[in-house]
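To be precise, the following lines are final_21.tsv, and they hold TSV, C-alpha atoms and all ligand atoms.
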```
chain	number	residue	atom	x	y	z
J	1	MET	CA	-6.34	-10.79	23.24
J	2	ASN	CA	-2.68	-11.50	22.41
J	3	PRO	CA	-0.39	-8.61	21.51
J	4	ILE	CA	-1.06	-7.92	17.85
J	5	ASN	CA	1.97	-7.69	15.64
J	6	SER	CA	1.42	-9.44	12.34
J	7	LYS	CA	4.35	-11.54	11.18
J	8	LEU	CA	3.01	-11.63	7.64
J	9	GLN	CA	5.64	-10.71	5.07
J	10	ALA	CA	4.72	-9.80	1.51
J	11	ALA	CA	8.40	-9.59	0.52
J	12	VAL	CA	11.30	-11.54	2.00
J	13	TRP	CA	14.98	-11.28	1.07
J	14	GLN	CA	16.24	-14.86	1.09
J	15	ASP	CA	20.07	-15.14	1.06
J	16	ASP	CA	20.56	-14.35	-2.63
J	17	HIS	CA	17.12	-13.60	-4.02
J	18	LEU	CA	13.73	-12.07	-3.41
J	19	GLN	CA	10.67	-14.04	-2.41
J	20	LEU	CA	7.17	-12.63	-2.83
J	21	LEU	CA	4.03	-14.06	-1.33
J	22	ASP	CA	1.75	-14.51	-4.34
J	23	GLN	CA	-1.23	-12.42	-3.24
J	24	ARG	CA	-3.25	-13.50	-6.27
J	25	LEU	CA	-3.65	-16.91	-4.66
J	26	LEU	CA	-4.62	-15.80	-1.16
J	27	PRO	CA	-6.39	-16.87	0.93
J	28	SER	CA	-6.67	-20.36	-0.52
J	29	GLU	CA	-2.94	-20.91	-1.10
J	30	GLN	CA	0.16	-19.46	0.53
J	31	VAL	CA	2.86	-19.69	-2.12
J	32	TYR	CA	6.10	-17.70	-2.27
J	33	ILE	CA	7.61	-17.15	-5.70
J	34	ASP	CA	11.37	-16.70	-6.23
J	35	LEU	CA	12.75	-13.75	-8.17
J	36	TYR	CA	16.29	-13.38	-9.41
J	37	ASP	CA	16.25	-10.29	-11.63
J	38	ALA	CA	14.65	-6.87	-11.98
J	39	PRO	CA	12.46	-7.54	-15.04
J	40	GLN	CA	10.89	-10.54	-13.23
J	41	THR	CA	10.37	-8.30	-10.22
J	42	ALA	CA	8.72	-5.58	-12.33
J	43	LEU	CA	6.39	-8.15	-13.88
J	44	ALA	CA	5.43	-9.43	-10.42
J	45	ILE	CA	4.47	-5.87	-9.46
J	46	THR	CA	2.46	-5.32	-12.66
J	47	ASP	CA	0.70	-8.66	-12.29
J	48	MET	CA	-0.24	-8.00	-8.63
J	49	VAL	CA	1.79	-10.81	-7.10
J	50	VAL	CA	2.69	-8.03	-4.69
J	51	ARG	CA	0.55	-4.92	-4.32
J	52	GLY	CA	-0.02	-2.05	-1.92
J	53	ALA	CA	2.11	1.07	-2.25
J	54	PRO	CA	4.73	0.53	0.49
J	55	ALA	CA	5.12	-3.19	-0.37
J	56	ILE	CA	5.67	-2.22	-4.00
J	57	GLY	CA	8.36	0.23	-2.84
J	58	VAL	CA	10.12	-2.41	-0.74
J	59	THR	CA	9.93	-4.89	-3.63
J	60	ALA	CA	11.36	-2.37	-6.09
J	61	ALA	CA	14.26	-1.67	-3.71
J	62	TYR	CA	15.16	-5.37	-3.69
J	63	GLY	CA	14.68	-5.38	-7.48
J	64	VAL	CA	17.45	-2.79	-7.76
J	65	VAL	CA	19.74	-5.07	-5.74
J	66	LEU	CA	19.09	-7.88	-8.23
J	67	ALA	CA	19.67	-5.47	-11.12
J	68	ALA	CA	22.98	-4.34	-9.63
J	69	ARG	CA	24.21	-7.91	-9.21
J	70	HIS	CA	23.63	-8.72	-12.89
J	71	ALA	CA	24.93	-5.37	-14.09
J	72	TYR	CA	28.15	-5.57	-12.08
J	73	ALA	CA	28.80	-9.16	-13.21
J	74	LYS	CA	28.49	-8.10	-16.86
J	75	HIS	CA	29.89	-4.56	-16.80
J	76	PRO	CA	31.94	-3.93	-13.65
J	77	ASP	CA	32.98	-0.52	-15.00
J	78	ALA	CA	29.61	0.57	-16.34
J	79	TRP	CA	27.10	-1.09	-14.03
J	80	ARG	CA	25.23	2.14	-13.34
J	81	ASP	CA	23.85	2.44	-16.90
J	82	ALA	CA	22.60	-1.16	-16.88
J	83	VAL	CA	20.98	-0.68	-13.48
J	84	GLN	CA	19.32	2.55	-14.65
J	85	ALA	CA	17.80	0.60	-17.56
J	86	ASP	CA	16.34	-1.96	-15.14
J	87	MET	CA	15.16	0.83	-12.85
J	88	ALA	CA	13.19	2.29	-15.77
J	89	ILE	CA	11.48	-1.09	-16.18
J	90	LEU	CA	10.69	-1.20	-12.44
J	91	ALA	CA	9.43	2.41	-12.50
J	92	ALA	CA	6.94	1.56	-15.24
J	93	ALA	CA	5.51	-1.46	-13.39
J	94	ARG	CA	2.60	0.47	-11.86
J	95	PRO	CA	1.90	4.20	-12.20
J	96	THR	CA	0.08	5.42	-9.09
J	97	ALA	CA	2.04	4.22	-6.04
J	98	ILE	CA	4.71	6.88	-5.50
J	99	ASN	CA	6.53	4.65	-3.01
J	100	LEU	CA	7.87	2.76	-6.04
J	101	HIS	CA	9.58	5.88	-7.39
J	102	TRP	CA	10.66	6.96	-3.92
J	103	ALA	CA	12.43	3.62	-3.33
J	104	LEU	CA	14.17	3.74	-6.72
J	105	GLN	CA	15.30	7.30	-6.07
J	106	THR	CA	16.53	6.41	-2.57
J	107	LEU	CA	18.75	3.62	-3.92
J	108	GLY	CA	19.77	5.61	-7.01
J	109	ASP	CA	21.00	8.44	-4.76
J	110	LEU	CA	23.69	6.07	-3.44
J	111	PHE	CA	25.20	5.22	-6.84
J	112	ALA	CA	27.62	8.14	-7.12
J	113	ASP	CA	29.43	7.22	-3.90
J	114	ILE	CA	29.76	3.49	-4.51
J	115	ASP	CA	33.19	2.13	-5.31
J	116	GLY	CA	33.41	-1.46	-6.55
J	117	ASN	CA	30.64	-4.03	-6.26
J	118	PRO	CA	27.38	-2.22	-5.37
J	119	GLU	CA	25.33	-5.23	-4.26
J	120	ALA	CA	26.07	-5.24	-0.52
J	121	ILE	CA	25.56	-1.49	-0.11
J	122	LEU	CA	22.28	-1.52	-2.03
J	123	LEU	CA	21.05	-4.59	-0.17
J	124	ALA	CA	21.76	-2.92	3.17
J	125	LYS	CA	19.73	0.10	2.02
J	126	ALA	CA	16.85	-2.05	0.73
J	127	LYS	CA	16.72	-3.87	4.07
J	128	GLN	CA	16.78	-0.56	5.89
J	129	ILE	CA	13.82	0.71	3.81
J	130	HIS	CA	11.98	-2.51	4.63
J	131	GLU	CA	12.67	-2.39	8.37
J	132	LYS	CA	11.92	1.31	8.62
J	133	ASP	CA	8.58	0.79	6.91
J	134	ILE	CA	7.57	-1.71	9.60
J	135	ALA	CA	8.73	0.58	12.41
J	136	ASP	CA	6.94	3.55	10.81
J	137	ASN	CA	3.73	1.55	10.52
J	138	GLN	CA	3.87	0.65	14.19
J	139	HIS	CA	4.42	4.27	15.09
J	140	MET	CA	1.55	5.37	12.84
J	141	GLY	CA	-0.57	2.68	14.42
J	142	SER	CA	-0.23	4.20	17.85
J	143	ILE	CA	-0.73	7.77	16.59
J	144	GLY	CA	-3.83	6.74	14.65
J	145	ALA	CA	-5.25	4.70	17.51
J	146	GLY	CA	-4.94	7.81	19.68
J	147	TYR	CA	-7.77	9.35	17.64
J	148	LEU	CA	-10.19	6.53	18.38
J	149	ALA	CA	-12.63	6.66	21.27
J	150	GLU	CA	-13.65	3.55	23.24
J	151	ASN	CA	-15.90	1.04	21.47
J	152	CYS	CA	-15.03	2.42	18.10
J	153	ARG	CA	-16.55	0.84	14.99
J	154	VAL	CA	-14.33	1.14	11.95
J	155	LEU	CA	-14.64	0.52	8.23
J	156	THR	CA	-11.63	-0.07	5.99
J	157	HIS	CA	-11.28	-0.47	2.24
J	158	CYS	CA	-8.91	-2.52	0.09
J	159	ASN	CA	-5.95	-4.01	1.95
J	160	ALA	CA	-3.63	-1.57	3.67
J	161	GLY	CA	-2.14	-4.14	5.99
J	162	ALA	CA	1.03	-6.16	6.46
J	163	LEU	CA	0.47	-7.58	2.98
J	164	ALA	CA	0.51	-4.10	1.46
J	165	THR	CA	3.56	-2.81	3.34
J	166	GLY	CA	6.89	-3.94	4.79
J	167	GLY	CA	4.79	-5.40	7.62
J	168	TYR	CA	2.11	-4.43	10.21
J	169	GLY	CA	0.22	-2.12	7.85
J	170	THR	CA	-0.93	1.47	7.59
J	171	ALA	CA	-4.73	1.47	7.96
J	172	LEU	CA	-4.64	-2.06	9.37
J	173	GLY	CA	-1.73	-0.93	11.57
J	174	VAL	CA	-4.05	1.65	13.15
J	175	ILE	CA	-6.70	-1.04	13.48
J	176	ARG	CA	-4.21	-3.51	15.02
J	177	SER	CA	-3.07	-0.85	17.51
J	178	GLY	CA	-6.67	0.17	18.21
J	179	VAL	CA	-7.66	-3.43	18.92
J	180	SER	CA	-4.58	-3.88	21.16
J	181	ALA	CA	-5.63	-0.77	23.09
J	182	ASP	CA	-9.13	-2.24	23.44
J	183	LYS	CA	-10.67	0.70	21.62
J	184	ILE	CA	-12.19	-1.06	18.63
J	185	SER	CA	-15.37	-3.05	19.07
J	186	LYS	CA	-16.08	-3.83	15.42
J	187	VAL	CA	-14.12	-3.97	12.16
J	188	TYR	CA	-15.92	-3.87	8.82
J	189	ALA	CA	-14.08	-4.34	5.53
J	190	ASP	CA	-15.34	-3.59	2.05
J	191	GLU	CA	-14.84	-6.58	-0.23
J	192	THR	CA	-13.19	-4.16	-2.73
J	193	ARG	CA	-14.19	-5.02	-6.25
J	194	PRO	CA	-12.78	-6.04	-8.65
J	195	TRP	CA	-9.64	-7.56	-7.08
J	196	LEU	CA	-11.34	-8.35	-3.78
J	197	GLN	CA	-8.41	-7.18	-1.69
J	198	GLY	CA	-10.82	-6.70	1.21
J	199	ALA	CA	-12.49	-10.10	1.01
J	200	ARG	CA	-9.37	-12.09	0.17
J	201	LEU	CA	-6.54	-10.21	1.89
J	202	THR	CA	-7.83	-7.91	4.64
J	203	ALA	CA	-10.22	-10.50	6.05
J	204	TRP	CA	-7.54	-13.20	5.95
J	205	GLU	CA	-4.88	-10.97	7.44
J	206	LEU	CA	-7.05	-9.78	10.33
J	207	LEU	CA	-8.23	-13.30	11.10
J	208	GLN	CA	-4.60	-14.47	11.22
J	209	ASP	CA	-4.23	-12.08	14.16
J	210	GLY	CA	-7.50	-13.14	15.77
J	211	ILE	CA	-9.29	-9.89	14.87
J	212	PRO	CA	-12.91	-10.58	13.88
J	213	VAL	CA	-14.00	-8.87	10.67
J	214	THR	CA	-17.31	-8.39	8.92
J	215	LEU	CA	-17.25	-8.06	5.15
J	216	LEU	CA	-19.67	-6.05	3.09
J	217	ALA	CA	-20.20	-5.42	-0.60
J	218	ASP	CA	-18.70	-2.03	-1.44
J	219	SER	CA	-22.16	-0.70	-2.27
J	220	ALA	CA	-23.44	-1.59	1.23
J	221	ALA	CA	-21.27	1.03	2.96
J	222	ALA	CA	-23.91	3.76	2.63
J	223	ARG	CA	-26.52	1.59	4.33
J	224	LEU	CA	-24.09	0.77	7.15
J	225	MET	CA	-23.35	4.44	7.74
J	226	GLN	CA	-27.00	5.42	7.52
J	227	GLN	CA	-27.72	2.93	10.30
J	228	GLY	CA	-25.15	4.68	12.52
J	229	LYS	CA	-22.84	1.68	12.71
J	230	ILE	CA	-19.53	3.35	11.81
J	231	ASP	CA	-17.41	5.87	13.74
J	232	TRP	CA	-14.27	6.01	11.60
J	233	VAL	CA	-13.35	5.11	8.03
J	234	ILE	CA	-9.63	4.22	8.02
J	235	VAL	CA	-7.75	3.76	4.75
J	236	GLY	CA	-4.22	3.84	3.34
J	237	SER	CA	-2.99	5.67	0.26
J	238	ASP	CA	-0.97	5.16	-2.90
J	239	ARG	CA	-0.04	8.79	-3.28
J	240	ILE	CA	-0.87	11.95	-1.36
J	241	ALA	CA	-0.50	15.26	-3.18
J	242	ALA	CA	1.20	18.28	-1.59
J	243	ASN	CA	-2.21	19.74	-0.69
J	244	GLY	CA	-3.39	16.58	1.09
J	245	ASP	CA	-5.54	15.12	-1.72
J	246	VAL	CA	-5.40	11.35	-1.38
J	247	ALA	CA	-5.19	8.74	-4.15
J	248	ASN	CA	-6.27	5.31	-2.95
J	249	LYS	CA	-8.15	2.23	-4.12
J	250	ILE	CA	-11.18	2.94	-6.27
J	251	GLY	CA	-14.16	3.41	-3.98
J	252	THR	CA	-12.27	5.40	-1.34
J	253	TYR	CA	-13.66	8.72	-2.60
J	254	SER	CA	-17.24	7.48	-2.35
J	255	LEU	CA	-16.57	6.40	1.25
J	256	ALA	CA	-15.20	9.86	2.05
J	257	VAL	CA	-18.26	11.58	0.57
J	258	LEU	CA	-20.55	9.21	2.46
J	259	ALA	CA	-18.60	9.67	5.68
J	260	ARG	CA	-18.87	13.45	5.53
J	261	TYR	CA	-22.62	13.29	4.80
J	262	HIS	CA	-23.16	10.98	7.77
J	263	GLY	CA	-20.88	12.85	10.19
J	264	ILE	CA	-18.33	10.00	10.29
J	265	LYS	CA	-14.60	10.66	10.65
J	266	PHE	CA	-12.22	9.80	7.81
J	267	MET	CA	-8.58	8.87	8.50
J	268	VAL	CA	-5.75	8.21	6.04
J	269	ALA	CA	-2.67	6.40	7.38
J	270	ALA	CA	0.41	6.51	5.16
J	271	PRO	CA	4.17	6.92	5.54
J	272	LEU	CA	5.84	10.10	4.31
J	273	SER	CA	7.20	8.08	1.38
J	274	THR	CA	3.60	8.13	0.09
J	275	VAL	CA	3.47	11.94	0.04
J	276	ASP	CA	4.48	13.34	-3.34
J	277	TYR	CA	5.42	16.95	-2.73
J	278	ASN	CA	6.13	17.32	-6.47
J	279	VAL	CA	2.44	16.94	-7.24
J	280	ALA	CA	0.48	20.01	-6.16
J	281	ARG	CA	-2.98	18.46	-6.17
J	282	GLY	CA	-4.75	15.19	-6.68
J	283	ASP	CA	-5.81	15.96	-10.26
J	284	ASP	CA	-2.15	15.61	-11.24
J	285	ILE	CA	-1.73	12.10	-9.80
J	286	PRO	CA	-1.60	9.47	-12.55
J	287	ILE	CA	-4.42	6.99	-12.06
J	288	GLU	CA	-3.91	3.43	-13.26
J	289	ASP	CA	-6.51	1.92	-15.58
J	290	ARG	CA	-6.35	-1.86	-15.67
J	291	ALA	CA	-7.81	-4.37	-18.12
J	292	ALA	CA	-11.58	-4.44	-18.62
J	293	GLU	CA	-11.34	-8.20	-18.17
J	294	GLU	CA	-10.81	-7.70	-14.40
J	295	VAL	CA	-14.35	-6.28	-14.16
J	296	LEU	CA	-15.99	-8.51	-16.76
J	297	SER	CA	-14.75	-11.73	-15.12
J	298	VAL	CA	-14.36	-13.14	-11.62
J	299	PHE	CA	-11.40	-15.46	-11.19
J	300	GLU	CA	-11.10	-15.72	-14.97
J	301	GLN	CA	-14.73	-16.81	-15.24
J	302	ARG	CA	-16.69	-14.45	-17.46
J	303	VAL	CA	-19.70	-13.10	-15.56
J	304	ALA	CA	-20.64	-10.04	-17.64
J	305	ALA	CA	-22.88	-10.25	-20.67
J	306	GLN	CA	-20.93	-11.11	-23.80
J	307	GLY	CA	-20.30	-7.94	-25.76
J	308	ALA	CA	-20.28	-5.64	-22.70
J	309	ASP	CA	-17.22	-3.46	-22.22
J	310	ALA	CA	-15.94	-2.23	-18.83
J	311	TRP	CA	-14.15	0.78	-17.37
J	312	ASN	CA	-11.59	-0.14	-14.73
J	313	PRO	CA	-9.82	2.79	-13.03
J	314	VAL	CA	-8.22	1.18	-9.99
J	315	PHE	CA	-7.66	4.28	-7.87
J	316	ASP	CA	-9.54	7.50	-7.21
J	317	VAL	CA	-8.71	10.79	-5.54
J	318	THR	CA	-10.32	11.99	-2.33
J	319	PRO	CA	-10.11	15.77	-1.97
J	320	ALA	CA	-8.24	16.94	1.14
J	321	GLU	CA	-11.36	18.74	2.38
J	322	LEU	CA	-13.01	15.36	3.00
J	323	VAL	CA	-10.07	14.03	5.05
J	324	ASP	CA	-10.23	14.58	8.81
J	325	VAL	CA	-6.69	13.44	9.50
J	326	ILE	CA	-3.64	12.12	7.66
J	327	VAL	CA	-1.47	10.04	9.99
J	328	THR	CA	2.22	9.64	9.12
J	329	GLU	CA	5.21	8.40	11.09
J	330	LYS	CA	6.24	12.02	11.62
J	331	GLY	CA	2.91	13.06	13.06
J	332	ALA	CA	-0.69	13.67	12.12
J	333	VAL	CA	-2.13	16.46	9.99
J	334	GLU	CA	-5.73	17.34	10.74
J	335	ASN	CA	-7.85	18.91	7.99
J	336	PRO	CA	-4.87	18.86	5.60
J	337	THR	CA	-3.87	21.83	3.47
J	338	THR	CA	-0.76	22.60	1.41
J	339	ALA	CA	0.66	24.70	4.27
J	340	LYS	CA	0.05	22.02	6.91
J	341	MET	CA	1.55	19.28	4.72
J	342	ALA	CA	4.63	21.44	4.08
J	343	ALA	CA	4.95	22.11	7.82
J	344	LEU	CA	4.94	18.37	8.46
J	345	ARG	CA	7.71	17.85	5.91
J	346	ASP	CA	9.80	20.69	7.36
J	347	LYS	CA	9.25	19.78	11.01
J	348	PRO	CA	12.54	18.71	12.61
J	349	VAL	CA	12.65	15.01	13.50
L	401	LIG	O1	-4.20	-2.12	-6.40
L	401	LIG	P1	-3.56	-2.31	-5.05
L	401	LIG	O2	-4.02	-3.54	-4.34
L	401	LIG	O3	-2.05	-2.18	-5.12
L	401	LIG	O4	-4.08	-1.07	-4.21
L	401	LIG	C1	-3.63	-0.92	-2.90
L	401	LIG	C2	-4.29	0.20	-2.19
L	401	LIG	O5	-5.05	0.95	-2.76
L	401	LIG	C3	-3.89	0.43	-0.77
L	401	LIG	O6	-4.96	0.97	-0.05
L	401	LIG	C4	-2.73	1.42	-0.72
L	401	LIG	O7	-1.67	1.00	-1.52
L	401	LIG	C5	-2.24	1.64	0.66
L	401	LIG	S1	-1.37	0.23	1.22
L	401	LIG	C6	-0.71	0.51	2.73
```
Output the file's structure as structure tokens, nothing else.
Amino acid sequence: MNPINSKLQAAVWQDDHLQLLDQRLLPSEQVYIDLYDAPQTALAITDMVVRGAPAIGVTAAYGVVLAARHAYAKHPDAWRDAVQADMAILAAARPTAINLHWALQTLGDLFADIDGNPEAILLAKAKQIHEKDIADNQHMGSIGAGYLAENCRVLTHCNAGALATGGYGTALGVIRSGVSADKISKVYADETRPWLQGARLTAWELLQDGIPVTLLADSAAARLMQQGKIDWVIVGSDRIAANGDVANKIGTYSLAVLARYHGIKFMVAAPLSTVDYNVARGDDIPIEDRAAEEVLSVFEQRVAAQGADAWNPVFDVTPAELVDVIVTEKGAVENPTTAKMAALRDKPV
């Protein structure tokens, strides 16, 4: 098999503006949309043109660059206030992925020291965040793959790949590295209702790299595990609390419960920018509820009985005690606890 290093880019800075691959249209169409200001960028995040915690963070960073350009053109002496207003719009785009807030904070921290036009300095930082995310994913990939034995059969959920990050992917980064190291014999992906990130994005992304994938309905995972066909569940995260509780796509918690019952290992791959040390435990992570319509319809075609309502929380929280290992770019934490997560943060680089 060829070396696996996905070239897929969810977000691309193009000379003077941001391009986002419209993930709502994948896999049937590959269309990039052009964004020139921060409110447009925030709307693209809310509407799921781009999704996945690290990719949302990268996108928000470029959104701040666009905000700064407009603000400086209009108010060269008071650009910071105008940018802060746009940053508040970006921050509200989606509530659960902490990478969004982390990216805004990282760029905001530079404001005080900027003299003159801020655009070039902020763009350099946004590009650095983007490039570092790819490098971190590759590093996590090799750490995570180190946990896999030969002939490993893995199950992933949602899309935690190149499309959800700066590039390469977190959970799919581990899978890419595991396949490169010839350790993975089978990849299963949950279809991931209701947005079908697994069926539409993960399957497409893996096939682009020549990695065979078998899809299953989310509710089939228990049967698969009961038949002894899975060795590791590997997922990403939108936010990890200080104690190691993990918020990720709805359905992740049920996989973790099932994995523990069946003696299957459970790995979370996420960069440190996904760890929110200000949130003590998972109960305090805000969980996004999206429109009932996403459950009641499929591709805007109503499938549910007229008159039925729906509940659509799009993330859930897996308690740390069900996680065997959290893999970050700084190292792995096995059986995470508050003390172990703090030790990771404080470990010298
Ligand atoms: O609603 P989404 O598609 O943004 O949810 C994405 C996920 O839940 C991913 O698993 C998570 O962001 C990790 S991405 C590396």
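In terms of minimum interatomic distance to Ile184 (chain J), J:Glu150 ranks closest within J:Glu300, J:Glu205, J:Asp15, J:Glu150, counting all atoms listed in the file.
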Give as a PDB file with C-alpha atoms, in the frame of the given file each residue that has an atom at most 10 Å from (1.2, -2.2, 3.0) in the file, counting only C-alpha atoms.
```pdb
ATOM      1  CA  GLN J   9       5.640 -10.710   5.070  1.00  0.00           C
ATOM      2  CA  ALA J  10       4.720  -9.800   1.510  1.00  0.00           C
ATOM      3  CA  VAL J  50       2.690  -8.030  -4.690  1.00  0.00           C
ATOM      4  CA  ARG J  51       0.550  -4.920  -4.320  1.00  0.00           C
ATOM      5  CA  GLY J  52      -0.020  -2.050  -1.920  1.00  0.00           C
ATOM      6  CA  ALA J  53       2.110   1.070  -2.250  1.00  0.00           C
ATOM      7  CA  PRO J  54       4.730   0.530   0.490  1.00  0.00           C
ATOM      8  CA  ALA J  55       5.120  -3.190  -0.370  1.00  0.00           C
ATOM      9  CA  ILE J  56       5.670  -2.220  -4.000  1.00  0.00           C
ATOM     10  CA  GLY J  57       8.360   0.230  -2.840  1.00  0.00           C
ATOM     11  CA  VAL J  58      10.120  -2.410  -0.740  1.00  0.00           C
ATOM     12  CA  ASP J 133       8.580   0.790   6.910  1.00  0.00           C
ATOM     13  CA  ILE J 134       7.570  -1.710   9.600  1.00  0.00           C
ATOM     14  CA  ASN J 137       3.730   1.550  10.520  1.00  0.00           C
ATOM     15  CA  ASN J 159      -5.950  -4.010   1.950  1.00  0.00           C
ATOM     16  CA  ALA J 160      -3.630  -1.570   3.670  1.00  0.00           C
ATOM     17  CA  GLY J 161      -2.140  -4.140   5.990  1.00  0.00           C
ATOM     18  CA  ALA J 162       1.030  -6.160   6.460  1.00  0.00           C
ATOM     19  CA  LEU J 163       0.470  -7.580   2.980  1.00  0.00           C
ATOM     20  CA  ALA J 164       0.510  -4.100   1.460  1.00  0.00           C
ATOM     21  CA  THR J 165       3.560  -2.810   3.340  1.00  0.00           C
ATOM     22  CA  GLY J 166       6.890  -3.940   4.790  1.00  0.00           C
ATOM     23  CA  GLY J 167       4.790  -5.400   7.620  1.00  0.00           C
ATOM     24  CA  TYR J 168       2.110  -4.430  10.210  1.00  0.00           C
ATOM     25  CA  GLY J 169       0.220  -2.120   7.850  1.00  0.00           C
ATOM     26  CA  THR J 170      -0.930   1.470   7.590  1.00  0.00           C
ATOM     27  CA  ALA J 171      -4.730   1.470   7.960  1.00  0.00           C
ATOM     28  CA  LEU J 172      -4.640  -2.060   9.370  1.00  0.00           C
ATOM     29  CA  GLY J 173      -1.730  -0.930  11.570  1.00  0.00           C
ATOM     30  CA  GLY J 236      -4.220   3.840   3.340  1.00  0.00           C
ATOM     31  CA  SER J 237      -2.990   5.670   0.260  1.00  0.00           C
ATOM     32  CA  ASP J 238      -0.970   5.160  -2.900  1.00  0.00           C
ATOM     33  CA  ALA J 270       0.410   6.510   5.160  1.00  0.00           C
ATOM     34  CA  PRO J 271       4.170   6.920   5.540  1.00  0.00           C
TER      35      PRO J 271
END
```
Selection near region 195-198 of chain J, 7 Å with all atoms listed in the file, sequence-local residues under 4 positions removed, as a list in words: His157, Cys158, Asn159, Ala189, Asp190, Glu191, Thr202 and Ala203 of chain J
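Atom pair CA of Pro212 (chain J) / CA of Ile230 (chain J) has a distance of 15.6 Å (rounded to one decimal).
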If we count all atoms listed in the file, what is near Asp324 (chain J) at a cut-off of 12 Å, once residues fewer than 3 positions away on the same chain are taken out, given as JSON, numbers by chain? {"J": [144, 147, 232, 233, 234, 235, 244, 245, 246, 256, 257, 259, 260, 263, 264, 265, 266, 267, 268, 269, 318, 319, 320, 321, 327, 332, 333, 334, 335, 336, 337]}
